[in-house]
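Note: the block below is my_file_24.cif and it holds mmCIF, C-alpha atoms.
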data_query
#
loop_
_atom_site.label_atom_id
_atom_site.label_comp_id
_atom_site.auth_asym_id
_atom_site.auth_seq_id
_atom_site.Cartn_x
_atom_site.Cartn_y
_atom_site.Cartn_z
CA MET E 1 0.00 0.00 0.00
CA MET E 2 2.82 2.39 0.86
CA GLN E 3 4.19 1.98 -2.65
CA THR E 4 0.94 3.16 -4.28
CA VAL E 5 0.74 6.08 -1.84
CA LEU E 6 4.30 6.99 -2.80
CA THR E 7 3.46 6.92 -6.51
CA VAL E 8 0.26 8.94 -6.11
CA THR E 9 1.89 11.61 -3.95
CA ALA E 10 4.91 11.76 -6.26
CA VAL E 11 2.65 12.49 -9.24
CA VAL E 12 0.60 15.05 -7.31
CA LEU E 13 3.65 16.83 -5.94
CA SER E 14 5.35 16.87 -9.35
CA LEU E 15 2.28 18.52 -10.86
CA ALA E 16 2.23 21.04 -8.00
CA ALA E 17 5.94 21.80 -8.46
CA ALA E 18 5.39 22.26 -12.20
CA GLY E 19 2.60 24.75 -11.50
CA ALA E 20 4.75 26.69 -9.07
CA ILE E 21 7.65 26.78 -11.54
CA ILE E 22 5.33 28.05 -14.29
CA ARG E 23 4.25 30.84 -11.97
CA ILE E 24 7.89 31.65 -11.15
CA GLY E 25 8.62 31.94 -14.86
CA ARG E 26 5.51 33.88 -15.80
CA GLY E 27 4.79 35.89 -12.67
CA PRO E 28 4.25 39.49 -13.67
CA SER E 29 5.96 40.91 -10.63
CA LEU E 30 8.78 40.08 -8.26
CA LEU E 31 6.34 39.42 -5.42
CA ASP E 32 4.49 36.81 -7.48
CA ARG E 33 7.76 35.04 -8.10
CA VAL E 34 8.74 35.15 -4.43
CA LEU E 35 5.36 33.73 -3.48
CA ALA E 36 5.69 30.93 -6.02
CA ALA E 37 9.23 30.17 -4.82
CA ASP E 38 7.87 29.92 -1.30
CA VAL E 39 5.28 27.42 -2.49
CA LEU E 40 7.98 25.45 -4.29
CA LEU E 41 9.98 25.30 -1.07
CA ALA E 42 6.89 24.07 0.79
CA ILE E 43 6.41 21.39 -1.85
CA PHE E 44 10.01 20.25 -1.31
CA GLY E 45 9.24 20.11 2.40
CA ALA E 46 6.17 17.99 1.71
CA ALA E 47 8.23 15.63 -0.45
CA LEU E 48 10.85 15.24 2.30
CA CYS E 49 8.08 14.54 4.79
CA ILE E 50 6.50 11.86 2.62
CA ASP E 51 9.87 10.25 2.01
CA MET E 52 10.47 10.08 5.75
CA ALA E 53 7.01 8.67 6.43
CA VAL E 54 7.17 5.99 3.77
CA ASN E 55 10.72 4.86 4.52
CA ARG E 56 10.36 5.38 8.28
CA HIS E 57 13.41 7.45 9.05
CA LEU E 58 13.91 10.93 10.51
CA ASN E 59 17.07 12.04 8.74
CA ASN E 60 15.47 14.99 6.99
CA LEU E 61 13.53 16.42 9.91
CA MET E 62 16.00 19.20 10.68
CA LEU E 63 16.23 19.95 6.96
CA LEU E 64 12.45 20.37 6.95
CA VAL E 65 12.55 22.90 9.79
CA ALA E 66 15.47 24.70 8.13
CA ILE E 67 13.64 24.85 4.79
CA SER E 68 10.56 26.45 6.28
CA LEU E 69 12.69 28.99 8.15
CA ILE E 70 14.68 29.81 5.01
CA GLY E 71 11.45 30.36 3.07
CA PHE E 72 10.25 32.69 5.81
CA VAL E 73 13.45 34.75 5.95
CA GLY E 74 13.66 34.89 2.17
CA SER E 75 10.15 36.13 1.49
CA VAL E 76 10.22 38.64 4.36
CA THR E 77 13.53 40.07 3.12
CA VAL E 78 12.36 40.41 -0.47
CA ALA E 79 9.01 41.92 0.56
CA ARG E 80 10.83 44.41 2.74
CA PHE E 81 13.16 45.45 -0.08
CA VAL E 82 10.37 45.74 -2.64
CA ALA E 83 8.38 48.04 -0.35
CA GLU E 84 11.43 50.16 0.49
CA ARG E 85 12.58 50.56 -3.09
CA ARG E 86 9.20 51.58 -4.41
CA GLU E 87 8.68 54.11 -1.63
CA GLY E 88 12.13 55.57 -2.23
CA SER E 89 11.60 55.92 -5.97
CA ARG E 90 8.19 57.52 -5.53
CA GLU E 91 9.50 60.22 -3.26
CA SER E 92 12.61 61.11 -5.17
CA MET P 1 22.74 49.47 30.58
CA ASN P 2 19.23 50.66 31.37
CA ARG P 3 17.61 47.29 31.01
CA LYS P 4 14.28 46.76 32.65
CA ARG P 5 14.55 43.91 35.12
CA ILE P 6 12.37 41.01 34.14
CA SER P 7 10.84 39.02 36.95
CA LEU P 8 11.29 35.27 36.77
CA ARG P 9 7.53 34.80 36.69
CA GLN P 10 7.29 36.91 33.56
CA GLU P 11 10.17 35.06 31.96
CA LEU P 12 8.99 31.59 32.85
CA PRO P 13 6.84 30.88 29.75
CA LEU P 14 9.79 31.74 27.50
CA LEU P 15 12.15 29.51 29.50
CA VAL P 16 9.71 26.60 29.49
CA TRP P 17 9.29 26.95 25.72
CA LEU P 18 13.06 27.05 25.17
CA VAL P 19 13.58 23.93 27.30
CA PHE P 20 10.79 22.18 25.39
CA VAL P 21 12.39 23.05 22.06
CA TRP P 22 15.76 21.84 23.35
CA GLY P 23 14.30 18.52 24.45
CA ALA P 24 12.35 18.14 21.22
CA LEU P 25 15.38 18.85 19.04
CA TRP P 26 17.49 16.29 20.91
CA GLN P 27 14.47 13.97 21.00
CA ASN P 28 15.50 13.23 24.55
CA PHE P 29 13.46 14.23 27.58
CA SER P 30 15.69 12.73 30.26
CA PRO P 31 16.10 14.91 33.39
CA GLY P 32 19.81 15.52 32.77
CA ASN P 33 19.20 16.80 29.25
CA LEU P 34 16.33 18.99 30.40
CA LEU P 35 18.50 20.44 33.18
CA PHE P 36 21.25 21.29 30.73
CA GLY P 37 18.60 22.78 28.43
CA ALA P 38 17.29 24.93 31.27
CA LEU P 39 20.84 26.17 31.93
CA ILE P 40 21.24 27.14 28.27
CA ALA P 41 17.77 28.71 28.21
CA VAL P 42 18.63 30.98 31.14
CA LEU P 43 21.97 31.90 29.53
CA VAL P 44 20.31 32.68 26.19
CA ALA P 45 17.57 34.74 27.82
CA ARG P 46 20.18 36.71 29.79
CA ILE P 47 22.66 37.32 26.98
CA PHE P 48 20.30 37.90 24.06
CA TYR P 49 18.05 40.31 25.85
CA LEU P 50 14.68 41.12 24.32
CA PRO P 51 12.00 43.40 25.70
CA PRO P 52 9.53 41.26 27.64
CA VAL P 53 6.14 40.47 26.17
CA GLU P 54 3.41 41.96 28.33
CA LEU P 55 1.28 38.97 29.19
CA GLY P 56 -2.20 39.44 30.53
CA GLY P 57 -1.33 37.49 33.63
CA ARG P 58 -3.85 34.75 33.12
CA PHE P 59 -4.23 31.76 30.85
CA ASN P 60 -7.39 29.73 30.76
CA VAL P 61 -6.60 26.19 29.61
CA LEU P 62 -10.26 25.15 29.65
CA ARG P 63 -11.02 27.81 27.07
CA ALA P 64 -7.81 27.24 25.11
CA VAL P 65 -8.45 23.59 24.22
CA PRO P 66 -11.87 24.10 22.55
CA PHE P 67 -10.50 27.23 20.88
CA ALA P 68 -7.61 25.21 19.40
CA LEU P 69 -9.97 22.48 18.20
CA ILE P 70 -12.36 24.99 16.60
CA PHE P 71 -9.36 26.70 15.03
CA LEU P 72 -8.16 23.40 13.56
CA GLY P 73 -11.64 22.68 12.23
CA LYS P 74 -11.85 26.11 10.64
CA VAL P 75 -8.45 25.65 9.02
CA VAL P 76 -9.56 22.34 7.50
CA ALA P 77 -12.90 23.70 6.26
CA ALA P 78 -11.41 26.89 4.87
CA SER P 79 -8.52 25.07 3.19
CA PHE P 80 -10.97 23.00 1.20
CA GLN P 81 -13.03 26.10 0.46
CA VAL P 82 -9.98 27.88 -1.00
CA LEU P 83 -9.18 24.72 -2.96
CA TYR P 84 -12.74 24.73 -4.34
CA LEU P 85 -12.51 28.41 -5.22
CA ALA P 86 -9.20 27.87 -6.99
CA VAL P 87 -10.53 25.01 -9.07
CA VAL P 88 -14.07 26.24 -9.82
CA ARG P 89 -14.15 30.02 -9.58
CA GLY P 90 -10.57 30.71 -10.63
CA PRO P 91 -10.00 34.09 -12.27
CA ASN P 92 -13.46 35.42 -11.48
CA VAL P 93 -13.03 35.51 -7.74
CA VAL P 94 -13.92 38.79 -6.03
CA SER P 95 -12.28 39.94 -2.83
CA ALA P 96 -12.48 42.92 -0.50
CA ILE P 97 -10.41 44.74 2.06
CA VAL P 98 -12.36 45.10 5.27
CA ALA P 99 -11.47 47.29 8.23
CA VAL P 100 -12.08 45.55 11.55
CA PRO P 101 -11.73 47.63 14.73
CA LEU P 102 -10.66 45.41 17.64
CA ARG P 103 -11.65 45.79 21.27
CA SER P 104 -8.25 45.23 22.81
CA HIS P 105 -5.35 47.64 22.64
CA SER P 106 -2.70 45.25 23.90
CA ASP P 107 -0.06 44.41 21.31
CA LEU P 108 -0.08 40.74 22.23
CA LEU P 109 -3.80 40.29 21.62
CA VAL P 110 -3.80 42.24 18.38
CA THR P 111 -0.86 40.16 17.16
CA ALA P 112 -2.48 36.89 18.24
CA THR P 113 -5.76 37.79 16.57
CA GLY P 114 -3.95 38.74 13.38
CA HIS P 115 -2.02 35.48 13.45
CA VAL P 116 -5.08 33.31 13.96
CA ILE P 117 -7.04 35.17 11.29
CA SER P 118 -4.14 34.94 8.86
CA LEU P 119 -3.79 31.21 9.46
CA ILE P 120 -7.40 30.54 8.58
CA PRO P 121 -7.38 30.49 4.78
CA GLY P 122 -9.46 33.11 3.06
CA SER P 123 -8.46 36.04 5.19
CA LEU P 124 -5.18 37.90 5.33
CA VAL P 125 -4.01 40.87 7.38
CA VAL P 126 -2.81 43.57 4.99
CA GLU P 127 -2.22 46.43 7.37
CA VAL P 128 -2.41 47.08 11.10
CA ASP P 129 -3.16 50.44 12.63
CA ARG P 130 -1.64 50.20 16.06
CA SER P 131 -2.95 53.51 17.38
CA THR P 132 -6.60 52.51 16.90
CA SER P 133 -5.86 48.74 16.87
CA THR P 134 -7.67 48.26 13.60
CA LEU P 135 -6.89 45.33 11.34
CA TYR P 136 -7.30 45.75 7.60
CA ILE P 137 -8.13 42.30 6.29
CA HIS P 138 -8.14 41.09 2.72
CA GLY P 139 -10.84 38.47 2.42
CA ILE P 140 -11.24 36.22 -0.57
CA ASN P 141 -14.69 35.64 -2.08
CA VAL P 142 -16.21 38.66 -0.30
CA ARG P 143 -18.73 39.85 -2.85
CA ASN P 144 -21.03 42.19 -0.97
CA ALA P 145 -21.54 44.00 2.31
CA GLU P 146 -23.16 40.91 3.81
CA ASP P 147 -20.03 38.81 3.30
CA ALA P 148 -17.93 41.66 4.68
CA ALA P 149 -20.09 41.80 7.80
CA LYS P 150 -19.69 38.05 8.20
CA LEU P 151 -15.91 38.34 7.97
CA ARG P 152 -15.91 41.20 10.47
CA LYS P 153 -18.00 39.18 12.90
CA GLU P 154 -15.68 36.21 12.57
CA VAL P 155 -12.62 38.32 13.36
CA ARG P 156 -14.28 39.87 16.39
CA ASP P 157 -15.43 36.43 17.59
CA THR P 158 -11.86 35.19 17.29
CA GLU P 159 -10.67 38.12 19.33
CA ALA P 160 -13.34 37.42 21.95
CA GLY P 161 -12.13 33.84 22.20
CA LEU P 162 -8.54 35.01 22.64
CA ILE P 163 -9.58 37.51 25.31
CA ARG P 164 -11.31 34.70 27.18
CA ILE P 165 -8.08 32.68 27.00
CA MET P 166 -5.44 35.24 27.85
CA GLY P 167 -6.84 38.77 28.02
CA THR P 168 -6.45 40.91 31.11
CA LYS P 169 -9.23 41.02 33.69
CA ASP P 170 -10.38 44.46 32.50
CA GLU P 171 -10.74 43.27 28.93
CA LEU P 172 -12.63 40.21 30.10
CA SER P 173 -15.14 42.19 32.14
CA ALA P 174 -15.59 44.65 29.25
CA LEU P 175 -16.27 41.70 26.98
CA THR P 176 -18.87 40.12 29.28
CA GLN P 177 -20.59 43.49 29.65
CA GLU P 178 -20.66 43.94 25.90
CA LEU P 179 -22.10 40.48 25.33
CA ALA P 180 -24.69 40.93 28.07
CA ALA P 181 -25.87 44.21 26.61
CA MET Q 1 -8.55 -5.70 11.12
CA ASN Q 2 -5.42 -5.33 13.15
CA PRO Q 3 -4.34 -1.88 14.35
CA GLU Q 4 -1.25 -1.85 12.14
CA THR Q 5 -3.25 -1.71 8.92
CA VAL Q 6 -5.61 0.91 10.38
CA ILE Q 7 -2.68 3.17 11.28
CA ASP Q 8 -1.18 2.60 7.86
CA ALA Q 9 -4.46 3.44 6.13
CA VAL Q 10 -4.98 6.61 8.18
CA SER Q 11 -1.46 7.84 7.48
CA ALA Q 12 -1.84 6.98 3.80
CA VAL Q 13 -5.01 9.11 3.61
CA PHE Q 14 -3.22 11.93 5.47
CA MET Q 15 -0.32 11.80 3.03
CA VAL Q 16 -2.50 11.89 -0.07
CA VAL Q 17 -4.64 14.75 1.26
CA GLY Q 18 -1.50 16.64 2.36
CA ALA Q 19 -0.06 16.30 -1.13
CA LEU Q 20 -3.38 17.45 -2.61
CA MET Q 21 -3.10 20.61 -0.50
CA SER Q 22 0.21 21.37 -2.24
CA LEU Q 23 -1.46 20.78 -5.59
CA GLY Q 24 -4.27 23.12 -4.55
CA ALA Q 25 -1.71 25.80 -3.76
CA ALA Q 26 -0.21 25.39 -7.23
CA ILE Q 27 -3.63 25.50 -8.92
CA GLY Q 28 -4.47 28.64 -6.96
CA LEU Q 29 -1.17 30.20 -8.00
CA LEU Q 30 -1.97 29.57 -11.63
CA ARG Q 31 -5.66 30.41 -11.67
CA PHE Q 32 -6.22 33.34 -9.34
CA PRO Q 33 -6.08 36.75 -10.99
CA ASP Q 34 -4.07 38.96 -8.65
CA LEU Q 35 -1.32 38.76 -6.06
CA MET Q 36 -3.55 38.96 -3.01
CA SER Q 37 -5.87 36.12 -3.94
CA ARG Q 38 -2.86 34.05 -4.99
CA MET Q 39 -1.46 34.52 -1.53
CA HIS Q 40 -4.56 32.98 0.00
CA ALA Q 41 -4.10 29.89 -2.11
CA ALA Q 42 -0.34 29.74 -1.75
CA THR Q 43 0.46 29.87 1.92
CA LYS Q 44 -2.53 28.80 3.92
CA PRO Q 45 -3.47 25.33 2.65
CA GLN Q 46 0.19 24.46 3.22
CA VAL Q 47 -0.39 24.82 6.95
CA LEU Q 48 -2.97 22.05 6.84
CA GLY Q 49 -0.86 20.11 4.34
CA LEU Q 50 2.22 20.11 6.55
CA PHE Q 51 0.06 19.25 9.57
CA LEU Q 52 -1.33 16.19 7.82
CA LEU Q 53 2.08 15.10 6.55
CA LEU Q 54 3.71 15.49 9.95
CA ALA Q 55 0.86 13.56 11.53
CA ALA Q 56 1.36 10.79 8.98
CA LEU Q 57 5.08 10.76 9.78
CA GLY Q 58 4.35 10.56 13.50
CA LEU Q 59 1.92 7.69 12.94
CA GLN Q 60 4.41 5.82 10.78
CA MET Q 61 7.29 6.14 13.23
CA ARG Q 62 5.23 4.65 16.08
CA THR Q 63 7.35 6.17 18.83
CA TRP Q 64 6.23 8.92 21.19
CA TRP Q 65 9.41 10.96 21.20
CA VAL Q 66 9.04 12.17 17.62
CA TRP Q 67 5.77 13.96 18.40
CA PRO Q 68 7.35 16.91 20.30
CA VAL Q 69 9.79 17.67 17.49
CA LEU Q 70 7.00 17.40 14.92
CA LEU Q 71 4.94 19.78 17.04
CA VAL Q 72 7.88 22.20 17.16
CA ALA Q 73 8.26 22.03 13.38
CA TRP Q 74 4.55 22.76 12.90
CA LEU Q 75 4.50 25.56 15.48
CA PHE Q 76 7.42 27.23 13.73
CA GLN Q 77 5.36 27.17 10.57
CA LEU Q 78 2.32 28.54 12.39
CA LEU Q 79 4.41 31.43 13.67
CA THR Q 80 6.21 32.24 10.45
CA VAL Q 81 3.52 31.83 7.76
CA PRO Q 82 1.27 34.74 8.84
CA VAL Q 83 4.27 37.03 9.23
CA SER Q 84 5.65 36.39 5.77
CA ALA Q 85 2.15 36.52 4.26
CA HIS Q 86 1.53 39.86 5.94
CA MET Q 87 4.88 41.26 4.76
CA VAL Q 88 4.30 40.18 1.16
CA GLY Q 89 0.69 41.38 1.24
CA ARG Q 90 1.62 44.75 2.66
CA ALA Q 91 4.38 45.23 0.11
CA GLY Q 92 1.92 44.17 -2.60
CA TYR Q 93 -0.71 46.64 -1.45
CA ARG Q 94 1.75 49.50 -1.23
CA THR Q 95 3.27 48.88 -4.61
CA LYS Q 96 -0.20 48.87 -6.19
CA HIS Q 97 -0.25 45.22 -7.12
CA LEU Q 98 -3.97 45.22 -6.50
CA HIS Q 99 -6.54 45.23 -9.24
CA PRO Q 100 -9.25 47.52 -7.86
CA GLU Q 101 -11.84 46.06 -10.21
CA LEU Q 102 -11.50 42.75 -8.41
CA LEU Q 103 -12.35 44.22 -5.03
CA SER Q 104 -15.93 44.64 -3.93
CA SER Q 105 -14.86 47.19 -1.33
CA ASP Q 106 -11.59 48.65 -0.11
CA GLU Q 107 -11.82 50.25 3.29
CA LEU Q 108 -8.08 50.80 3.52
CA GLU Q 109 -7.76 53.09 0.53
CA ALA Q 110 -9.37 56.13 2.15
CA VAL Q 111 -7.11 55.76 5.18
CA VAL Q 112 -4.00 55.46 3.02
CA GLN Q 113 -4.95 58.52 1.01
CA LYS Q 114 -5.59 60.56 4.11
CA ALA Q 115 -2.19 59.55 5.48
CA ALA Q 116 -0.54 60.41 2.18
CA GLN Q 117 -2.20 63.85 2.17
CA LYS Q 118 -1.04 64.46 5.71
CA ALA Q 119 2.48 63.44 4.76
CA ALA Q 120 2.41 65.74 1.74
CA GLN Q 121 1.24 68.65 3.91
CA LYS Q 122 3.95 67.96 6.40
CA THR Q 123 6.68 67.98 3.77
CA ALA Q 124 5.22 71.17 2.31
CA ASN Q 125 5.21 72.84 5.71
CA HIS Q 126 8.54 71.75 7.06
CA GLY Q 127 10.44 70.89 3.95
CA VAL Q 128 11.66 67.73 5.65
CA ASP Q 129 10.63 64.25 4.80
CA ASP Q 130 8.94 62.55 7.72
CA ASP Q 131 8.99 58.91 6.80
CA ASP Q 132 6.70 57.69 9.54
CA ALA Q 133 3.77 59.87 8.49
CA GLY Q 134 3.16 57.79 5.42
CA ARG Q 135 2.97 54.54 7.30
#
Same coordinates, now as structure tokens:
Amino acid sequence: MMQTVLTVTAVVLSLAAAGAIIRIGRGPSLLDRVLAADVLLAIFGAALCIDMAVNRHLNNLMLLVAISLIGFVGSVTVARFVAERREGSRES
Amino acid sequence: MNRKRISLRQELPLLVWLVFVWGALWQNFSPGNLLFGALIAVLVARIFYLPPVELGGRFNVLRAVPFALIFLGKVVAASFQVLYLAVVRGPNVVSAIVAVPLRSHSDLLVTATGHVISLIPGSLVVEVDRSTSTLYIHGINVRNAEDAAKLRKEVRDTEAGLIRIMGTKDELSALTQELAA
Amino acid sequence: MNPETVIDAVSAVFMVVGALMSLGAAIGLLRFPDLMSRMHAATKPQVLGLFLLLAALGLQMRTWWVWPVLLVAWLFQLLTVPVSAHMVGRAGYRTKHLHPELLSSDELEAVVQKAAQKAAQKTANHGVDDDDAGR
């Protein structure tokens, strides 16, 4: 049963990753791309989680926590810079 | 060094949380490990000083457990609703930005309300006005004033639940008076 | 039915639904029209998705000491997701990423315009740029 679950989730997650990558490529603005990159990171996290659950190990757990924190720091930083830059250019 | 002294009682929730994280990361809850974790927690809290969070001074566990369960239920329901909207409605979805004035003026409660509301899919805090403690919330699939009123009521109900859990006594009595009226 | 198969079945369902949440996020990213509604689809179902996946992992490991670390991982996500969503949303609103025709009402706009007027008056009066007035 675990093997079928693995196949199904692999297909679903691949489709999801493809969608996120399309949005990264097409996204009209920087913020859209950041958002899509965040989703892609979350999909990686989900894939790590499923791998751990199916194969019953915990090697990637810290990687999972690190990935979610990196996504957080990344999107906050970019959002901060986008807001600052636009405000600066409007006033000057 | 004009640091405000923090009483141990005020610092205790932070220390307990740090020790819990330490134990969880080592996956080892033996007394020796926890003791060492407590030592490190105290050191970290002393060296990396942060301004203390002003807690309300009370925490009602009996209210917190149902609140957490309802929250989880709402997250599940709303996740599927957003999924449905994405698949069926797609590009034609209509949203709104709704201003919700909150009762409480404590930073902790405003932050907690914003967090809970943001975590429930379908609503997102765009801007916070700290001076009037108003949240500006972007809600998805809010088509008319009726939906906006529903969203506003939900946010204020969430805040009421949080006040019952950890608001100060003044806020709690104000809330009971408001509900009785 | 022995408990082993029940646990396996429950965690299998959790895993599939958790993966579907990721797919939902991707569909939302592709189909929603503007940044704000994409954000709803992108970040929030992931909270439930990660919860289900971590629960499946906990069920599969069948030891109690993994639950605290899974809880910590999920709580970190609970704390960080709203913050990053708020930062991106705020930046999006300020940089006019919103399509006003897709909003049924915007109660923030009047406030922002009032603040901008105040800021403009202030700069006209003092000739100095007070950054905080525009916030």
Give me, as a tab-separated table, the closest atom pair and its distance (Å, one decimal) for every residue of chain P within a cut-off of 6 Å of chain Q, counting all atoms listed in the file, rows sorted by chain and rising number.
residue	atom	partner	partner_atom	distance
P:Ala24	CA	Q:Val69	CA	4.5
P:Leu25	CA	Q:Val69	CA	5.9
P:Gln27	CA	Q:Trp65	CA	5.9
P:Ser79	CA	Q:Pro45	CA	5.1
P:Leu83	CA	Q:Gly24	CA	5.4
P:Ala86	CA	Q:Gly28	CA	4.8
P:Gly90	CA	Q:Arg31	CA	5.0
P:Pro91	CA	Q:Phe32	CA	4.8
P:Val94	CA	Q:Leu102	CA	5.2
P:Ser95	CA	Q:Leu103	CA	4.8
P:Ala96	CA	Q:Leu103	CA	4.7
P:Ile97	CA	Q:Asp106	CA	4.6
P:Val98	CA	Q:Glu107	CA	5.5
P:Ala99	CA	Q:Glu107	CA	5.8
P:His115	CA	Q:Pro82	CA	5.7
P:Ser118	CA	Q:Pro82	CA	5.4
P:Pro121	CA	Q:Lys44	CA	5.2
P:Gly122	CA	Q:His40	CA	5.8
P:Val125	CA	Q:His86	CA	5.8
P:Val126	CA	Q:Arg90	CA	5.1
P:Arg143	CA	Q:Ser104	CA	5.7
C-alpha atoms of the current selection, written as a short mmCIF file (atom, residue, chain, number, x, y, z; two decimals), keeping the file's coordinate frame:
data_model
loop_
_atom_site.label_atom_id
_atom_site.label_comp_id
_atom_site.auth_asym_id
_atom_site.auth_seq_id
_atom_site.Cartn_x
_atom_site.Cartn_y
_atom_site.Cartn_z
CA ALA P 24 12.35 18.14 21.22
CA LEU P 25 15.38 18.85 19.04
CA GLN P 27 14.47 13.97 21.00
CA SER P 79 -8.52 25.07 3.19
CA LEU P 83 -9.18 24.72 -2.96
CA ALA P 86 -9.20 27.87 -6.99
CA GLY P 90 -10.57 30.71 -10.63
CA PRO P 91 -10.00 34.09 -12.27
CA VAL P 94 -13.92 38.79 -6.03
CA SER P 95 -12.28 39.94 -2.83
CA ALA P 96 -12.48 42.92 -0.50
CA ILE P 97 -10.41 44.74 2.06
CA VAL P 98 -12.36 45.10 5.27
CA ALA P 99 -11.47 47.29 8.23
CA HIS P 115 -2.02 35.48 13.45
CA SER P 118 -4.14 34.94 8.86
CA PRO P 121 -7.38 30.49 4.78
CA GLY P 122 -9.46 33.11 3.06
CA VAL P 125 -4.01 40.87 7.38
CA VAL P 126 -2.81 43.57 4.99
CA ARG P 143 -18.73 39.85 -2.85
#
For chain E against chain P, which residues fall within 12 Å using all atoms listed in the file, given as a PDB file with C-alpha atoms, keeping the file's coordinate frame?
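Saved to iface_30.pdb:
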ATOM      1  CA  LEU E  58      13.910  10.930  10.510  1.00  0.00           C
ATOM      2  CA  LEU E  61      13.530  16.420   9.910  1.00  0.00           C
ATOM      3  CA  MET E  62      16.000  19.200  10.680  1.00  0.00           C
ATOM      4  CA  VAL E  65      12.550  22.900   9.790  1.00  0.00           C
TER       5      VAL E  65
END
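Closest approach to chain E among Q:Phe14, Q:Trp74, Q:Phe51, Q:Ser84 is made by Q:Ser84 (distances from all atoms listed in the file).
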Practice task
Between atom CA of P:Asn144 and atom CA of P:Arg89, measure the distance and give it in Å to one decimal.
Solution key: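 Computed distance, atom CA of P:Asn144 to atom CA of P:Arg89, equals 16.4 Å.
Between atom CA of E:Ile50 and atom CA of E:Ala10 the interatomic distance comes to 9.0 Å.
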**Prompt:** Written as a PyMOL selection string, which residues does the PyMOL selection byres ((chain P and resi 167-181) around 12) give for the file shown?
**Reply:** chain P and resi 54-60+63-64+102-110+112-113+156-157+159-166
- Task: Evaluate the PyMOL selection byres ((chain E and resi 12) around 9) here and jot the selected residues down as a count of residues only.
- Result: 15
Once the PyMOL selection byres ((chain E) within 6 of (chain Q)) has been evaluated on this model, what residues remain selected, and can you format them as a count of residues only?
11
Would you compute the box with edges along x, y and z of the file around stretch 82-90 of chain P, including every atom the file lists for it and 8 Å extra on each side, and give its centre and edge lengths in Å to one decimal, as lines of an AutoDock Vina configuration file?
center_x = -11.7
center_y = 27.7
center_z = -5.8
size_x = 21.0
size_y = 22.0
size_z = 25.6
Requested in this report: Select, counting all atoms listed in the file, all protein, DNA and RNA residues no farther than 6 Å from (8.0, 26.6, 4.3) in file coordinates, and express the selection as a list of chain:residue names.
Outcome: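 Those residues, ordered by chain and then number, are E:Leu41, E:Ala42, E:Ile67, E:Ser68, E:Gly71.
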query: What does the distance between atom CA of P:Leu39 and atom CA of P:Val53 come to in Å, to one decimal place?
result: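 Atom CA of P:Val53 lies 21.3 Å from atom CA of P:Leu39.
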Nearest to E:Val78, restricted to all atoms listed in the file and choosing among E:Leu30, E:His57, E:Leu63, E:Gln3, comes out as E:Leu30
Around the point (12.5, 34.4, 28.1), in the coordinates given by the file, pick out the residues reaching within 10 Å, counting all atoms listed in the file, and return them as a list of chain:residue names.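 Protein and nucleic acid residues near the point are P:Ile6, P:Leu8, P:Arg9, P:Gln10, P:Glu11, P:Leu12, P:Pro13, P:Leu14, P:Leu15, P:Val16, P:Trp17, P:Leu18, P:Ala41, P:Val42, P:Leu43, P:Val44, P:Ala45, P:Arg46, P:Phe48, P:Tyr49, P:Leu50, P:Pro51, P:Pro52, P:Val53.
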Nearest to E:Met52, restricted to all atoms listed in the file and choosing among E:Ile22, E:Ala37, E:Met1, E:Leu64, comes out as E:Leu64
